[in-house]
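Participant: Input file: work.txt. Contents: compact mmCIF, C-alpha atoms.
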```txt
# COMPACT_ATOMS: atom_id res chain seq x y z
CA MET A 1 13.08 12.55 94.58
CA SER A 2 13.76 14.00 98.02
CA LEU A 3 12.96 12.76 101.48
CA ILE A 4 10.50 14.39 103.83
CA THR A 5 11.42 13.80 107.45
CA HIS A 6 9.23 13.96 110.52
CA LEU A 7 12.06 12.99 112.83
CA ALA A 8 12.15 16.27 114.77
CA GLU A 9 8.42 16.16 115.54
CA ARG A 10 8.52 12.51 116.55
CA ARG A 11 11.58 13.08 118.71
CA LYS A 12 9.96 16.00 120.50
CA THR A 13 6.78 13.99 120.97
CA ALA A 14 8.89 11.29 122.61
CA GLY A 15 10.38 13.95 124.90
CA MET A 16 13.93 13.37 123.74
CA THR A 17 16.72 15.79 122.92
CA GLN A 18 18.93 15.34 119.86
CA ALA A 19 21.75 14.28 122.17
CA GLN A 20 19.62 11.65 123.90
CA LEU A 21 18.39 10.23 120.60
CA ALA A 22 21.94 10.22 119.23
CA GLU A 23 23.13 8.34 122.31
CA ALA A 24 20.33 5.80 121.98
CA VAL A 25 21.05 4.95 118.34
CA GLY A 26 24.85 5.26 118.54
CA VAL A 27 25.52 8.25 116.33
CA SER A 28 26.62 11.84 116.91
CA ARG A 29 24.19 14.65 117.72
CA LYS A 30 25.28 16.33 114.52
CA THR A 31 24.10 13.38 112.45
CA ILE A 32 20.65 13.60 114.07
CA ASN A 33 20.66 17.33 113.33
CA THR A 34 21.57 16.83 109.69
CA VAL A 35 18.86 14.19 109.25
CA GLU A 36 16.26 16.50 110.82
CA ASN A 37 17.37 19.38 108.58
CA ARG A 38 17.33 17.20 105.43
CA VAL A 39 21.04 17.74 104.88
CA PHE A 40 21.79 14.03 105.20
CA VAL A 41 19.73 10.99 104.20
CA PRO A 42 20.29 8.24 106.78
CA SER A 43 21.08 4.65 105.95
CA THR A 44 18.39 1.99 106.21
CA VAL A 45 20.02 0.67 109.36
CA LEU A 46 19.99 4.07 111.05
CA ALA A 47 16.41 4.72 109.94
CA LEU A 48 15.33 1.41 111.47
CA LYS A 49 17.20 2.17 114.70
CA LEU A 50 15.57 5.61 114.94
CA ALA A 51 12.13 4.11 114.39
CA GLU A 52 12.75 1.43 116.99
CA VAL A 53 13.96 3.87 119.65
CA LEU A 54 11.05 6.25 119.00
CA GLY A 55 8.56 3.39 118.91
CA VAL A 56 7.19 4.19 115.47
CA SER A 57 7.37 2.86 111.94
CA VAL A 58 10.04 4.08 109.52
CA HIS A 59 7.17 5.40 107.39
CA ASP A 60 6.14 7.62 110.30
CA LEU A 61 9.60 9.19 110.25
CA PHE A 62 10.30 9.47 106.56
CA GLU A 63 8.32 9.70 103.36
CA LEU A 64 9.14 10.41 99.74
CA ASP A 65 8.31 13.79 98.28
CA ASP A 66 6.20 12.78 95.26
CA GLU A 67 6.25 16.27 93.75
CA ASP A 68 9.97 16.03 92.87
CA MET B 1 33.04 14.53 131.00
CA PHE B 2 34.39 13.13 127.71
CA SER B 3 31.94 12.38 124.96
CA ALA B 4 31.68 11.90 121.21
CA GLU B 5 31.29 15.68 121.01
CA THR B 6 34.71 16.07 122.64
CA PHE B 7 36.27 13.99 119.89
CA SER B 8 34.29 15.73 117.12
CA ASN B 9 35.18 19.20 118.42
CA THR B 10 38.86 18.31 118.80
CA ARG B 11 38.90 16.90 115.26
CA LEU B 12 37.22 20.04 113.94
CA VAL B 13 39.77 22.33 115.62
CA MET B 14 42.82 20.29 114.62
CA PHE B 15 41.69 19.83 111.01
CA GLY B 16 40.83 23.52 110.84
CA LEU B 17 44.20 24.63 112.22
CA THR B 18 46.13 22.28 109.95
CA GLY B 19 44.05 23.26 106.93
CA LEU B 20 44.54 26.96 107.58
CA ALA B 21 48.28 26.45 108.05
CA CYS B 22 48.47 24.62 104.70
CA LEU B 23 46.41 27.28 102.95
CA THR B 24 48.48 30.09 104.47
CA TYR B 25 51.67 28.31 103.42
CA ALA B 26 50.45 27.92 99.82
CA ILE B 27 49.26 31.53 99.51
CA SER B 28 52.41 32.90 101.16
CA ALA B 29 54.63 30.80 98.89
CA MET B 30 52.92 32.18 95.81
CA ILE B 31 52.81 35.80 96.96
CA LEU B 32 56.42 35.82 98.13
CA SER B 33 57.64 33.54 95.30
CA ASP B 34 59.39 31.55 97.97
CA PRO B 35 58.93 27.80 98.43
CA ARG B 36 59.71 28.32 102.13
CA PRO B 37 57.65 31.39 103.11
CA PHE B 38 57.87 30.30 106.75
CA ALA B 39 59.14 27.27 108.63
CA TRP B 40 58.49 24.39 106.23
CA TRP B 41 57.71 21.93 109.01
CA ILE B 42 54.72 23.88 110.40
CA PRO B 43 51.97 22.44 108.09
CA GLY B 44 53.35 18.91 108.33
CA GLY B 45 54.08 19.29 112.02
CA LEU B 46 50.50 20.37 112.65
CA GLY B 47 49.31 17.34 110.69
CA VAL B 48 51.38 15.02 112.86
CA MET B 49 50.26 16.87 115.99
CA SER B 50 46.63 16.48 114.88
CA GLY B 51 47.14 12.75 114.64
CA VAL B 52 48.69 12.59 118.10
CA VAL B 53 46.05 14.85 119.70
CA LEU B 54 43.22 12.87 118.10
CA TRP B 55 44.77 9.60 119.21
CA ILE B 56 45.02 10.87 122.79
CA THR B 57 41.47 12.25 122.63
CA GLY B 58 40.23 8.96 121.23
CA THR B 59 41.87 7.10 124.08
CA LEU B 60 40.27 9.44 126.63
CA VAL B 61 36.74 9.30 125.20
CA GLY B 62 36.75 5.54 124.60
CA ASP B 63 35.88 3.31 121.67
CA GLU B 64 32.12 3.80 121.89
CA ASN B 65 32.36 7.58 121.68
CA CYS B 66 34.94 7.34 118.88
CA ASP B 67 32.54 5.15 116.90
CA ARG B 68 29.77 7.66 117.51
CA ALA B 69 31.99 10.53 116.36
CA MET B 70 32.94 8.57 113.24
CA ASP B 71 29.42 7.50 112.30
CA GLU B 72 27.77 7.55 108.88
CA GLY B 73 27.36 11.33 109.06
CA TYR B 74 31.13 11.64 109.41
CA ASP B 75 31.62 9.19 106.52
CA ALA B 76 29.33 11.31 104.34
CA ASP B 77 31.14 14.57 105.17
CA SER B 78 34.56 13.00 104.77
CA GLY B 79 33.57 11.30 101.52
CA ARG B 80 32.25 14.50 99.98
CA ALA B 81 35.38 16.40 101.05
CA GLN B 82 37.58 13.67 99.54
CA GLN B 83 35.65 13.66 96.26
CA ILE B 84 35.98 17.41 95.77
CA ALA B 85 39.57 17.53 97.04
CA PHE B 86 40.54 14.78 94.57
CA TRP B 87 39.37 16.81 91.57
CA VAL B 88 40.86 20.01 92.96
CA ALA B 89 44.19 18.22 93.31
CA ILE B 90 43.95 17.02 89.70
CA ALA B 91 42.98 20.50 88.51
CA LEU B 92 46.04 22.01 90.22
CA TYR B 93 48.32 20.32 87.67
CA PRO B 94 47.04 22.12 84.54
CA LEU B 95 46.51 25.31 86.54
CA PHE B 96 50.09 25.43 87.82
CA SER B 97 51.39 24.31 84.43
CA VAL B 98 49.87 27.44 82.93
CA LEU B 99 51.19 29.59 85.77
CA MET B 100 54.68 28.20 85.18
CA ILE B 101 54.45 28.67 81.40
CA VAL B 102 53.69 32.36 81.87
CA ASP B 103 56.46 32.60 84.49
CA LEU B 104 54.16 33.54 87.35
CA VAL B 105 55.51 30.75 89.56
CA THR B 106 58.66 28.68 89.59
CA LEU B 107 58.75 24.91 89.90
CA PRO B 108 59.84 24.92 93.59
CA VAL B 109 57.04 27.36 94.47
CA ALA B 110 54.51 25.31 92.49
CA PHE B 111 55.69 22.16 94.25
CA ALA B 112 55.24 23.76 97.68
CA ALA B 113 51.91 25.41 96.87
CA MET B 114 50.35 22.36 95.21
CA GLY B 115 51.35 20.06 98.04
CA THR B 116 49.90 22.26 100.74
CA LEU B 117 46.80 23.23 98.72
CA THR B 118 45.93 19.58 98.23
CA GLY B 119 45.93 19.01 101.99
CA ALA B 120 44.18 22.29 102.74
CA THR B 121 41.35 21.52 100.33
CA PHE B 122 40.31 18.29 102.03
CA LEU B 123 40.80 19.57 105.56
CA LEU B 124 38.93 22.85 105.12
CA LEU B 125 36.12 21.25 103.11
CA PHE B 126 35.63 18.70 105.86
CA VAL B 127 35.54 21.46 108.47
CA TRP B 128 33.02 23.39 106.35
CA PHE B 129 30.72 20.37 105.92
CA ASP B 130 31.02 19.53 109.61
CA LEU B 131 30.21 23.07 110.72
CA ARG B 132 27.29 23.31 108.30
CA GLY B 133 25.78 20.14 109.76
CA ARG B 134 25.92 21.52 113.28
CA VAL B 135 23.81 24.59 112.60
```
Re-express the file's structure as structure tokens.
Facilitator:
Amino acid sequence: MSLITHLAERRKTAGMTQAQLAEAVGVSRKTINTVENRVFVPSTVLALKLAEVLGVSVHDLFELDDED
Amino acid sequence: MFSAETFSNTRLVMFGLTGLACLTYAISAMILSDPRPFAWWIPGGLGVMSGVVLWITGTLVGDENCDRAMDEGYDADSGRAQQIAFWVAIALYPLFSVLMIVDLVTLPVAFAAMGTLTGATFLLLFVWFDLRGRV
């Protein structure tokens, strides 16, 4: 079962760059990039931090791909 | 001026240089059938230099940026590189045993090549995973 991510859309809606979001949650820009590109599945802690900074629920950022 | 990217980029360059030096040493040793195809201290020296350069860079960028550059994405890349490099290192033993049995390499050459290949595998895999994540 894979993860569908809406992080890029939500980040752009919030008017943030990858670097700004990375700075806000305390990770590298590359990690944000890999999460957005579905290369890396973030930890629960990082997912919660991302949701908090973007002012949304974790479910607005990530969902499970039921077709897998 | 200094950021987590500074540390990440420095790490990428130093790991890449050291990995390439190790790989070149291993390939040269096997092609030339010489356990010292070039100055033996170059791969190890680059490894030590990498440590020093990264320590200096870490001091310059500060603890917060170091933590950011060594976040869970780094752990994932490093972990995957270590997992693969471990099995490659194990696989080198039967592989070089066969090569020695058929007299393609001597024990000193195998010793030099296996040592440097083990280091090169982790370092270059890490660089590959890191680069792939940046695209």
Participant: Which of these residues is nearest to Ser8 (chain B), using all atoms listed in the file: A:Thr34, A:Thr44, A:Ser28, A:Ser57?
Facilitator: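 Going through A:Thr34, A:Thr44, A:Ser28, A:Ser57 one by one, the smallest distance to Ser8 (chain B) is for A:Ser28.
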Participant: Using all atoms listed in the file, find which residues of chain A lie within 12 Å of chain B and jot them down as a list of chain:residue names.
Facilitator: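 Listed by rising number, the hits are A:Gln18, A:Ala19, A:Ala22, A:Glu23, A:Ala24, A:Val25, A:Gly26, A:Val27, A:Ser28, A:Arg29, A:Lys30, A:Thr31, A:Ile32, A:Asn33, A:Thr34, A:Val35, A:Glu36, A:Asn37, A:Arg38, A:Val39, A:Phe40, A:Val41, A:Pro42, A:Ser43, A:Thr44, A:Val45, A:Leu46, A:Ala47.
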Participant: Grab the CA of Ile90 (chain B) to CA of Leu104 (chain B) distance for me, in Å with one decimal place.
Facilitator: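 Distance between the two atoms: 19.6 Å.
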Participant: CA of Leu20 (chain B) to CA of Pro108 (chain B): how many Å, to one decimal?
Facilitator: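 Result for CA of Leu20 (chain B) versus CA of Pro108 (chain B): 20.8 Å, one decimal.
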Participant: Can you tell me how far CA of Gly15 (chain A) sits from CA of Gly62 (chain B), in Å to one decimal?
Facilitator: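 Computed distance, CA of Gly15 (chain A) to CA of Gly62 (chain B), equals 27.7 Å.
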Participant: Could you check which of B:Ile42, B:Ala89, B:Cys22, B:Leu60 is closest to Met1 (chain B), using all atoms listed in the file?
Facilitator: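 Counting all atoms listed in the file, the residue closest to Met1 (chain B) is B:Leu60.
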